[in-house]
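J.: Contents of coords_1.cif (mmCIF, C-alpha atoms; chains and numbers go by the auth columns) are given next:
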data_protein
loop_
_atom_site.group_PDB
_atom_site.id
_atom_site.type_symbol
_atom_site.label_atom_id
_atom_site.label_comp_id
_atom_site.label_asym_id
_atom_site.label_seq_id
_atom_site.Cartn_x
_atom_site.Cartn_y
_atom_site.Cartn_z
_atom_site.B_iso_or_equiv
_atom_site.auth_seq_id
_atom_site.auth_asym_id
ATOM 1 C CA MET A 1 2.100 9.204 3.235 0.00 1 A
ATOM 2 C CA ALA A 2 -0.504 8.681 5.978 0.00 2 A
ATOM 3 C CA LEU A 3 0.164 10.124 9.434 0.00 3 A
ATOM 4 C CA PRO A 4 0.761 7.580 12.266 0.00 4 A
ATOM 5 C CA GLN A 5 -2.373 8.858 13.966 0.00 5 A
ATOM 6 C CA GLU A 6 -5.325 10.374 12.164 0.00 6 A
ATOM 7 C CA ILE A 7 -8.339 12.267 13.485 0.00 7 A
ATOM 8 C CA VAL A 8 -11.497 11.592 11.473 0.00 8 A
ATOM 9 C CA THR A 9 -14.886 13.247 11.914 0.00 9 A
ATOM 10 C CA VAL A 10 -18.067 11.651 10.543 0.00 10 A
ATOM 11 C CA ASP A 11 -21.809 11.745 11.160 0.00 11 A
ATOM 12 C CA ALA A 12 -22.246 7.966 11.469 0.00 12 A
ATOM 13 C CA ILE A 13 -20.478 4.592 11.352 0.00 13 A
ATOM 14 C CA LEU A 14 -21.583 1.555 9.342 0.00 14 A
ATOM 15 C CA PHE A 15 -20.048 -1.727 10.524 0.00 15 A
ATOM 16 C CA ASP A 16 -19.720 -4.999 8.668 0.00 16 A
ATOM 17 C CA LEU A 17 -20.380 -7.993 10.955 0.00 17 A
ATOM 18 C CA ASP A 18 -18.386 -11.175 10.227 0.00 18 A
ATOM 19 C CA GLY A 19 -14.654 -10.524 10.263 0.00 19 A
ATOM 20 C CA THR A 20 -15.135 -6.964 11.513 0.00 20 A
ATOM 21 C CA LEU A 21 -17.064 -7.309 14.767 0.00 21 A
ATOM 22 C CA ILE A 22 -17.154 -11.089 15.178 0.00 22 A
ATOM 23 C CA ASP A 23 -14.925 -14.031 14.289 0.00 23 A
ATOM 24 C CA SER A 24 -16.983 -16.788 12.677 0.00 24 A
ATOM 25 C CA THR A 25 -14.019 -18.353 10.837 0.00 25 A
ATOM 26 C CA PRO A 26 -14.160 -21.875 12.368 0.00 26 A
ATOM 27 C CA GLY A 27 -17.850 -22.218 11.532 0.00 27 A
ATOM 28 C CA VAL A 28 -17.439 -20.793 8.031 0.00 28 A
ATOM 29 C CA ILE A 29 -14.581 -23.176 7.246 0.00 29 A
ATOM 30 C CA SER A 30 -16.555 -26.121 8.625 0.00 30 A
ATOM 31 C CA ALA A 31 -19.659 -25.153 6.626 0.00 31 A
ATOM 32 C CA TRP A 32 -17.710 -24.801 3.390 0.00 32 A
ATOM 33 C CA LYS A 33 -15.946 -28.105 3.998 0.00 33 A
ATOM 34 C CA THR A 34 -19.359 -29.795 4.266 0.00 34 A
ATOM 35 C CA PHE A 35 -20.751 -28.046 1.183 0.00 35 A
ATOM 36 C CA ALA A 36 -17.568 -28.635 -0.842 0.00 36 A
ATOM 37 C CA GLU A 37 -17.823 -32.367 -0.171 0.00 37 A
ATOM 38 C CA GLU A 38 -21.540 -32.553 -0.977 0.00 38 A
ATOM 39 C CA TYR A 39 -21.351 -30.379 -4.097 0.00 39 A
ATOM 40 C CA LYS A 40 -18.000 -31.859 -5.219 0.00 40 A
ATOM 41 C CA LEU A 41 -16.218 -28.504 -5.265 0.00 41 A
ATOM 42 C CA GLY A 42 -12.713 -29.715 -4.469 0.00 42 A
ATOM 43 C CA SER A 43 -10.785 -27.833 -1.805 0.00 43 A
ATOM 44 C CA HIS A 44 -12.991 -25.581 0.292 0.00 44 A
ATOM 45 C CA LEU A 45 -10.294 -23.139 1.408 0.00 45 A
ATOM 46 C CA PRO A 46 -10.053 -21.133 -1.867 0.00 46 A
ATOM 47 C CA ILE A 47 -13.846 -20.713 -1.759 0.00 47 A
ATOM 48 C CA VAL A 48 -13.688 -19.389 1.800 0.00 48 A
ATOM 49 C CA GLN A 49 -11.264 -16.666 0.739 0.00 49 A
ATOM 50 C CA LYS A 50 -12.929 -15.894 -2.581 0.00 50 A
ATOM 51 C CA THR A 51 -16.454 -15.490 -1.245 0.00 51 A
ATOM 52 C CA HIS A 52 -15.828 -13.770 2.085 0.00 52 A
ATOM 53 C CA GLY A 53 -17.922 -10.639 2.468 0.00 53 A
ATOM 54 C CA ARG A 54 -20.478 -11.525 -0.207 0.00 54 A
ATOM 55 C CA ARG A 55 -24.102 -12.591 0.230 0.00 55 A
ATOM 56 C CA LEU A 56 -24.440 -16.336 0.658 0.00 56 A
ATOM 57 C CA ALA A 57 -27.346 -16.395 -1.805 0.00 57 A
ATOM 58 C CA ASP A 58 -25.114 -14.901 -4.516 0.00 58 A
ATOM 59 C CA THR A 59 -22.374 -17.411 -3.742 0.00 59 A
ATOM 60 C CA LEU A 60 -24.583 -20.504 -3.680 0.00 60 A
ATOM 61 C CA LYS A 61 -26.248 -19.465 -6.956 0.00 61 A
ATOM 62 C CA ASP A 62 -22.885 -18.915 -8.643 0.00 62 A
ATOM 63 C CA GLU A 63 -22.566 -21.391 -11.524 0.00 63 A
ATOM 64 C CA THR A 64 -18.891 -21.912 -10.715 0.00 64 A
ATOM 65 C CA ILE A 65 -19.666 -22.867 -7.114 0.00 65 A
ATOM 66 C CA CYS A 66 -22.905 -24.601 -6.043 0.00 66 A
ATOM 67 C CA ASN A 67 -25.116 -23.461 -8.946 0.00 67 A
ATOM 68 C CA ILE A 68 -28.323 -23.619 -6.894 0.00 68 A
ATOM 69 C CA GLN A 69 -31.046 -22.018 -9.014 0.00 69 A
ATOM 70 C CA ASP A 70 -34.155 -23.423 -7.341 0.00 70 A
ATOM 71 C CA LYS A 71 -35.462 -20.752 -4.928 0.00 71 A
ATOM 72 C CA GLU A 72 -36.839 -23.184 -2.346 0.00 72 A
ATOM 73 C CA LEU A 73 -33.635 -25.220 -2.273 0.00 73 A
ATOM 74 C CA LEU A 74 -31.537 -22.056 -2.141 0.00 74 A
ATOM 75 C CA ASP A 75 -33.424 -20.754 0.888 0.00 75 A
ATOM 76 C CA SER A 76 -33.091 -24.051 2.749 0.00 76 A
ATOM 77 C CA GLU A 77 -29.371 -24.334 1.941 0.00 77 A
ATOM 78 C CA ILE A 78 -28.722 -20.789 3.164 0.00 78 A
ATOM 79 C CA LEU A 79 -30.368 -21.697 6.458 0.00 79 A
ATOM 80 C CA ARG A 80 -28.416 -24.957 6.718 0.00 80 A
ATOM 81 C CA PHE A 81 -25.115 -23.234 5.930 0.00 81 A
ATOM 82 C CA GLU A 82 -25.700 -20.454 8.444 0.00 82 A
ATOM 83 C CA ASP A 83 -26.684 -22.966 11.133 0.00 83 A
ATOM 84 C CA LEU A 84 -23.355 -24.718 10.558 0.00 84 A
ATOM 85 C CA VAL A 85 -21.559 -21.393 10.993 0.00 85 A
ATOM 86 C CA ILE A 86 -23.442 -20.656 14.217 0.00 86 A
ATOM 87 C CA GLN A 87 -22.558 -24.135 15.502 0.00 87 A
ATOM 88 C CA GLY A 88 -18.909 -23.092 15.092 0.00 88 A
ATOM 89 C CA ASN A 89 -19.417 -20.726 18.045 0.00 89 A
ATOM 90 C CA PRO A 90 -18.575 -17.260 16.683 0.00 90 A
ATOM 91 C CA VAL A 91 -17.074 -14.789 19.161 0.00 91 A
ATOM 92 C CA ALA A 92 -16.585 -11.039 19.313 0.00 92 A
ATOM 93 C CA LEU A 93 -13.288 -9.847 17.883 0.00 93 A
ATOM 94 C CA GLU A 94 -10.819 -8.002 20.071 0.00 94 A
ATOM 95 C CA GLY A 95 -11.854 -4.402 20.579 0.00 95 A
ATOM 96 C CA ALA A 96 -15.326 -4.778 19.074 0.00 96 A
ATOM 97 C CA ILE A 97 -17.431 -4.781 22.228 0.00 97 A
ATOM 98 C CA GLU A 98 -15.366 -1.965 23.733 0.00 98 A
ATOM 99 C CA PHE A 99 -15.753 0.147 20.570 0.00 99 A
ATOM 100 C CA LEU A 100 -19.520 -0.331 20.409 0.00 100 A
ATOM 101 C CA THR A 101 -19.836 0.277 24.152 0.00 101 A
ATOM 102 C CA GLN A 102 -18.085 3.628 23.653 0.00 102 A
ATOM 103 C CA LEU A 103 -20.635 4.514 20.970 0.00 103 A
ATOM 104 C CA ASP A 104 -23.552 3.434 23.148 0.00 104 A
ATOM 105 C CA SER A 105 -22.247 5.344 26.164 0.00 105 A
ATOM 106 C CA HIS A 106 -23.342 8.664 24.647 0.00 106 A
ATOM 107 C CA ASP A 107 -27.010 9.408 23.946 0.00 107 A
ATOM 108 C CA ASP A 108 -26.286 11.029 20.581 0.00 108 A
ATOM 109 C CA MET A 109 -23.740 8.477 19.328 0.00 109 A
ATOM 110 C CA ARG A 110 -26.040 5.596 20.260 0.00 110 A
ATOM 111 C CA THR A 111 -28.272 6.385 17.265 0.00 111 A
ATOM 112 C CA LYS A 112 -25.408 7.041 14.851 0.00 112 A
ATOM 113 C CA TRP A 113 -24.213 3.523 14.079 0.00 113 A
ATOM 114 C CA THR A 114 -25.565 0.331 12.611 0.00 114 A
ATOM 115 C CA ILE A 115 -24.477 -3.043 11.256 0.00 115 A
ATOM 116 C CA VAL A 116 -24.609 -3.882 7.540 0.00 116 A
ATOM 117 C CA THR A 117 -24.092 -7.608 6.963 0.00 117 A
ATOM 118 C CA SER A 118 -24.097 -9.920 3.951 0.00 118 A
ATOM 119 C CA ALA A 119 -25.692 -12.585 6.146 0.00 119 A
ATOM 120 C CA SER A 120 -29.415 -13.179 6.564 0.00 120 A
ATOM 121 C CA ARG A 121 -31.608 -11.628 9.249 0.00 121 A
ATOM 122 C CA TYR A 122 -31.932 -15.081 10.835 0.00 122 A
ATOM 123 C CA TYR A 123 -28.143 -15.320 11.169 0.00 123 A
ATOM 124 C CA ALA A 124 -27.697 -11.766 12.448 0.00 124 A
ATOM 125 C CA THR A 125 -30.377 -12.122 15.114 0.00 125 A
ATOM 126 C CA GLN A 126 -28.685 -15.327 16.309 0.00 126 A
ATOM 127 C CA CYS A 127 -25.045 -14.212 16.209 0.00 127 A
ATOM 128 C CA ILE A 128 -25.206 -10.655 17.531 0.00 128 A
ATOM 129 C CA PRO A 129 -26.539 -11.628 20.984 0.00 129 A
ATOM 130 C CA LYS A 130 -24.519 -14.875 21.006 0.00 130 A
ATOM 131 C CA CYS A 131 -21.337 -12.801 20.661 0.00 131 A
ATOM 132 C CA LYS A 132 -22.586 -10.247 23.204 0.00 132 A
ATOM 133 C CA ILE A 133 -22.418 -7.516 20.569 0.00 133 A
ATOM 134 C CA PRO A 134 -24.738 -4.574 21.340 0.00 134 A
ATOM 135 C CA VAL A 135 -27.764 -4.408 19.054 0.00 135 A
ATOM 136 C CA PRO A 136 -27.909 -1.126 17.099 0.00 136 A
ATOM 137 C CA THR A 137 -30.681 1.162 18.322 0.00 137 A
ATOM 138 C CA SER A 138 -31.872 1.710 14.743 0.00 138 A
ATOM 139 C CA GLY A 139 -31.754 -1.983 13.843 0.00 139 A
ATOM 140 C CA PHE A 140 -29.464 -3.455 11.200 0.00 140 A
ATOM 141 C CA VAL A 141 -29.307 -4.190 7.474 0.00 141 A
ATOM 142 C CA THR A 142 -29.037 -7.794 6.234 0.00 142 A
ATOM 143 C CA ALA A 143 -28.907 -9.621 2.920 0.00 143 A
ATOM 144 C CA ASP A 144 -32.690 -9.957 3.130 0.00 144 A
ATOM 145 C CA ASP A 145 -33.136 -6.179 3.022 0.00 145 A
ATOM 146 C CA VAL A 146 -31.367 -5.386 -0.258 0.00 146 A
ATOM 147 C CA SER A 147 -31.714 -6.319 -3.920 0.00 147 A
ATOM 148 C CA GLU A 148 -27.940 -6.349 -4.465 0.00 148 A
ATOM 149 C CA GLY A 149 -25.164 -7.413 -2.125 0.00 149 A
ATOM 150 C CA LYS A 150 -21.588 -6.280 -1.642 0.00 150 A
ATOM 151 C CA PRO A 151 -19.477 -5.281 -3.607 0.00 151 A
ATOM 152 C CA LYS A 152 -22.410 -3.203 -4.879 0.00 152 A
ATOM 153 C CA PRO A 153 -22.996 -0.048 -2.806 0.00 153 A
ATOM 154 C CA THR A 154 -26.659 -0.902 -2.100 0.00 154 A
ATOM 155 C CA PRO A 155 -26.167 -2.385 1.415 0.00 155 A
ATOM 156 C CA TYR A 156 -24.255 0.626 2.709 0.00 156 A
ATOM 157 C CA LEU A 157 -26.603 3.079 1.035 0.00 157 A
ATOM 158 C CA GLU A 158 -29.432 1.268 2.833 0.00 158 A
ATOM 159 C CA GLY A 159 -27.518 1.419 6.118 0.00 159 A
ATOM 160 C CA ALA A 160 -27.009 5.167 5.794 0.00 160 A
ATOM 161 C CA LYS A 161 -30.684 5.590 4.888 0.00 161 A
ATOM 162 C CA LYS A 162 -31.704 3.650 8.010 0.00 162 A
ATOM 163 C CA LEU A 163 -29.802 6.200 10.102 0.00 163 A
ATOM 164 C CA GLY A 164 -31.173 9.128 8.105 0.00 164 A
ATOM 165 C CA ILE A 165 -27.669 10.236 7.131 0.00 165 A
ATOM 166 C CA ASP A 166 -26.073 10.678 3.711 0.00 166 A
ATOM 167 C CA ALA A 167 -23.593 7.889 2.964 0.00 167 A
ATOM 168 C CA THR A 168 -20.908 10.418 2.070 0.00 168 A
ATOM 169 C CA LYS A 169 -20.933 11.537 5.711 0.00 169 A
ATOM 170 C CA CYS A 170 -20.412 7.999 7.028 0.00 170 A
ATOM 171 C CA LEU A 171 -17.429 5.796 7.817 0.00 171 A
ATOM 172 C CA VAL A 172 -17.692 2.163 6.677 0.00 172 A
ATOM 173 C CA ILE A 173 -15.629 -0.331 8.706 0.00 173 A
ATOM 174 C CA GLU A 174 -14.870 -3.551 6.813 0.00 174 A
ATOM 175 C CA ASP A 175 -12.526 -6.534 6.747 0.00 175 A
ATOM 176 C CA ALA A 176 -13.120 -7.697 3.154 0.00 176 A
ATOM 177 C CA PRO A 177 -12.086 -6.078 -0.147 0.00 177 A
ATOM 178 C CA SER A 178 -15.618 -6.605 -1.497 0.00 178 A
ATOM 179 C CA GLY A 179 -17.007 -4.673 1.469 0.00 179 A
ATOM 180 C CA VAL A 180 -14.441 -1.906 1.057 0.00 180 A
ATOM 181 C CA GLN A 181 -15.477 -1.666 -2.584 0.00 181 A
ATOM 182 C CA ALA A 182 -19.123 -1.381 -1.522 0.00 182 A
ATOM 183 C CA GLY A 183 -18.295 1.382 0.944 0.00 183 A
ATOM 184 C CA ASN A 184 -16.150 3.285 -1.528 0.00 184 A
ATOM 185 C CA SER A 185 -18.842 2.997 -4.204 0.00 185 A
ATOM 186 C CA ALA A 186 -21.410 4.360 -1.738 0.00 186 A
ATOM 187 C CA GLY A 187 -19.234 7.448 -1.346 0.00 187 A
ATOM 188 C CA ALA A 188 -18.304 6.788 2.280 0.00 188 A
ATOM 189 C CA LYS A 189 -14.910 6.937 3.927 0.00 189 A
ATOM 190 C CA THR A 190 -13.663 3.389 4.514 0.00 190 A
ATOM 191 C CA LEU A 191 -11.613 1.811 7.277 0.00 191 A
ATOM 192 C CA ALA A 192 -10.198 -1.678 6.687 0.00 192 A
ATOM 193 C CA VAL A 193 -9.372 -3.940 9.625 0.00 193 A
ATOM 194 C CA CYS A 194 -6.802 -6.639 8.856 0.00 194 A
ATOM 195 C CA THR A 195 -8.561 -9.477 10.632 0.00 195 A
ATOM 196 C CA SER A 196 -9.272 -11.752 7.660 0.00 196 A
ATOM 197 C CA HIS A 197 -7.000 -10.276 4.972 0.00 197 A
ATOM 198 C CA LYS A 198 -3.411 -9.101 4.945 0.00 198 A
ATOM 199 C CA ARG A 199 -2.649 -5.399 4.995 0.00 199 A
ATOM 200 C CA GLU A 200 -1.100 -5.804 1.552 0.00 200 A
ATOM 201 C CA ASP A 201 -4.471 -6.944 0.167 0.00 201 A
ATOM 202 C CA PHE A 202 -5.806 -3.468 0.924 0.00 202 A
ATOM 203 C CA GLU A 203 -2.668 -1.511 0.091 0.00 203 A
ATOM 204 C CA ASN A 204 -2.520 -3.093 -3.358 0.00 204 A
ATOM 205 C CA CYS A 205 -6.204 -2.913 -4.264 0.00 205 A
ATOM 206 C CA SER A 206 -7.162 -2.846 -7.931 0.00 206 A
ATOM 207 C CA GLU A 207 -8.350 0.345 -9.586 0.00 207 A
ATOM 208 C CA GLU A 208 -11.913 -1.040 -9.483 0.00 208 A
ATOM 209 C CA ILE A 209 -11.930 -1.682 -5.730 0.00 209 A
ATOM 210 C CA LYS A 210 -9.787 1.319 -4.679 0.00 210 A
ATOM 211 C CA ARG A 211 -7.748 1.478 -1.523 0.00 211 A
ATOM 212 C CA PRO A 212 -9.598 2.029 1.760 0.00 212 A
ATOM 213 C CA THR A 213 -9.236 5.479 3.273 0.00 213 A
ATOM 214 C CA TYR A 214 -7.598 4.017 6.383 0.00 214 A
ATOM 215 C CA ILE A 215 -6.086 0.646 7.367 0.00 215 A
ATOM 216 C CA VAL A 216 -5.592 -0.734 10.894 0.00 216 A
ATOM 217 C CA ASP A 217 -4.884 -4.147 12.335 0.00 217 A
ATOM 218 C CA ASP A 218 -8.090 -4.321 14.396 0.00 218 A
ATOM 219 C CA LEU A 219 -10.575 -2.202 16.334 0.00 219 A
ATOM 220 C CA THR A 220 -8.279 -1.840 19.352 0.00 220 A
ATOM 221 C CA ARG A 221 -6.471 0.751 17.199 0.00 221 A
ATOM 222 C CA VAL A 222 -9.458 3.091 17.115 0.00 222 A
ATOM 223 C CA ARG A 223 -10.855 5.414 19.771 0.00 223 A
ATOM 224 C CA VAL A 224 -14.116 7.326 19.505 0.00 224 A
ATOM 225 C CA ASN A 225 -15.552 10.500 21.053 0.00 225 A
ATOM 226 C CA TRP A 226 -18.492 12.864 20.529 0.00 226 A
ATOM 227 C CA GLU A 227 -17.199 16.305 19.511 0.00 227 A
ATOM 228 C CA ASN A 228 -19.235 19.247 18.190 0.00 228 A
ATOM 229 C CA ASP A 229 -22.221 17.031 17.344 0.00 229 A
ATOM 230 C CA LYS A 230 -20.038 14.647 15.336 0.00 230 A
ATOM 231 C CA ILE A 231 -18.350 11.301 15.888 0.00 231 A
ATOM 232 C CA GLN A 232 -14.619 11.880 16.181 0.00 232 A
ATOM 233 C CA LEU A 233 -12.347 8.880 15.701 0.00 233 A
ATOM 234 C CA THR A 234 -8.668 8.676 16.546 0.00 234 A
ATOM 235 C CA ILE A 235 -7.173 6.064 14.230 0.00 235 A
ATOM 236 C CA ASP A 236 -3.698 4.696 14.941 0.00 236 A
ATOM 237 C CA THR A 237 -2.235 3.344 11.696 0.00 237 A
ATOM 238 C CA ARG A 238 1.297 2.640 12.902 0.00 238 A
ATOM 239 C CA ARG A 239 2.801 -0.806 12.484 0.00 239 A
ATOM 240 C CA GLY A 240 5.330 -2.629 14.622 0.00 240 A
ATOM 241 C CA PRO A 241 8.310 -4.680 13.411 0.00 241 A
ATOM 242 C CA ASP A 242 6.065 -7.759 13.191 0.00 242 A
ATOM 243 C CA GLY A 243 3.562 -5.902 11.007 0.00 243 A
ATOM 244 C CA SER A 244 1.098 -5.185 13.797 0.00 244 A
ATOM 245 C CA ALA A 245 -0.048 -1.720 14.759 0.00 245 A
ATOM 246 C CA ILE A 246 1.490 0.076 17.710 0.00 246 A
ATOM 247 C CA LEU A 247 -0.530 2.081 20.201 0.00 247 A
#
Starting from the file, give its structure as structure tokens.

T.:
Amino acid sequence: MALPQEIVTVDAILFDLDGTLIDSTPGVISAWKTFAEEYKLGSHLPIVQKTHGRRLADTLKDETICNIQDKELLDSEILRFEDLVIQGNPVALEGAIEFLTQLDSHDDMRTKWTIVTSASRYYATQCIPKCKIPVPTSGFVTADDVSEGKPKPTPYLEGAKKLGIDATKCLVIEDAPSGVQAGNSAGAKTLAVCTSHKREDFENCSEEIKRPTYIVDDLTRVRVNWENDKIQLTIDTRRGPDGSAIL
């Protein structure tokens, strides 16, 4: 049984973007509603849940979804979809800016984190400043930078490489089971935030995905410090009567 409060020491942190640092849900739902109508997909809500955390290119090419195989059309539809999401006015999630500000407040920690997103570079460069999220000193990893998206480990391996740190010495922070799977497969410790999925979705993961190392409600449950040349995180995993964590 996990302790109510856990102390974790890592060399670096790799953050997912949508659902972990920012809330883009209204725009995503609106975009999928538009695409579901145009591509005659039926209800858009199951698609929103099914595809969250995966590269949009992989989703739009999926034969069971939009089945877009033409490269030029695919590229233009990715751009159109992401513009619709941006028009939905994404915002920083509770605790995200404070967490990243803590990391940036120390000269050594400032270079020990990055963002690894399934979105395109165009989307990331628009949304990060729009949400007032600090830009990682080392840059970030997008869907454009990798040959395979989540749940494959490639994105997080690339993120660790960008920081010059072995993935096994990193903590991946994710809100989607596919992202947790990617982090686990990369050999990193994983922290799931229950912002887009229920806690039970992570507690009852399949053998293929594996349970995240830690589960919290959101980033307000995590504190960070620089100790002995390492990032030390204090993770509060307790839950209240309503299912939320207690600080």

J.: Name the residues that the PyMOL selection byres ((chain A and resi 6-15) around 9) pulls out of this structure, and write them as a ChimeraX atom specification.

T.: /A:2-5,16-17,20-21,109,111-117,156,159-160,163,165-167,169-174,189,214,227,229-237

J.: Between A:Ser105, A:Gln69, A:Thr125, A:Asn228, which residue has the minimum interatomic distance to A:Glu82, considering only C-alpha atoms?

T.: A:Thr125

J.: Just want the 9 Å neighbourhood of A:Pro151, counted on only C-alpha atoms, with same-chain residues fewer than 4 positions away dropped. Output as a ChimeraX atom specification.

T.: /A:53-54,155,177-183,185,209

J.: Atom CA of A:Gly27 and atom CA of A:Val141, how far apart in Å?

T.: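 Those two atoms sit 21.7 Å apart.
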
J.: Might you spell out which residues the PyMOL selection byres ((chain A and resi 191) around 6) would select in the displayed file, as a list of chain:residue names?

T.: A:Ile173, A:Thr190, A:Ala192, A:Pro212, A:Thr213, A:Tyr214, A:Ile215

J.: Write out, as a compact mmCIF listing (two decimals), keeping the file's coordinate frame, the residues just selected, with C-alpha atoms.

T.:
# COMPACT_ATOMS: atom_id res chain seq x y z
CA ILE A 173 -15.63 -0.33 8.71
CA THR A 190 -13.66 3.39 4.51
CA ALA A 192 -10.20 -1.68 6.69
CA PRO A 212 -9.60 2.03 1.76
CA THR A 213 -9.24 5.48 3.27
CA TYR A 214 -7.60 4.02 6.38
CA ILE A 215 -6.09 0.65 7.37

J.: May I ask which of the residues A:Asp108, A:Glu200, A:Asp23, A:Glu94 is the closest one to A:Val222, counting all atoms listed in the file?

T.: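 Closest candidate: A:Glu94.
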
J.: Can you work out which one of A:Val28, A:Val48, A:Ala57, A:Leu73 has the shortest atom-to-atom distance to A:Pro90, counting all atoms listed in the file?

T.: A:Val28

J.: Could you give me, as a PyMOL selection string, the residues within 7 Å of stretch 43-45 of chain A, counting only C-alpha atoms and dropping anything in the same chain fewer than 3 positions from it?

T.: chain A and resi 32-33+36+48-49

J.: For the selection just defined, write its residues with C-alpha atoms to a file, as a CSV table (one decimal), in the frame of the given file.

T.:
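For reference, part08.csv as written:
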chain,number,residue,atom,x,y,z
A,32,TRP,CA,-17.7,-24.8,3.4
A,33,LYS,CA,-15.9,-28.1,4.0
A,36,ALA,CA,-17.6,-28.6,-0.8
A,48,VAL,CA,-13.7,-19.4,1.8
A,49,GLN,CA,-11.3,-16.7,0.7
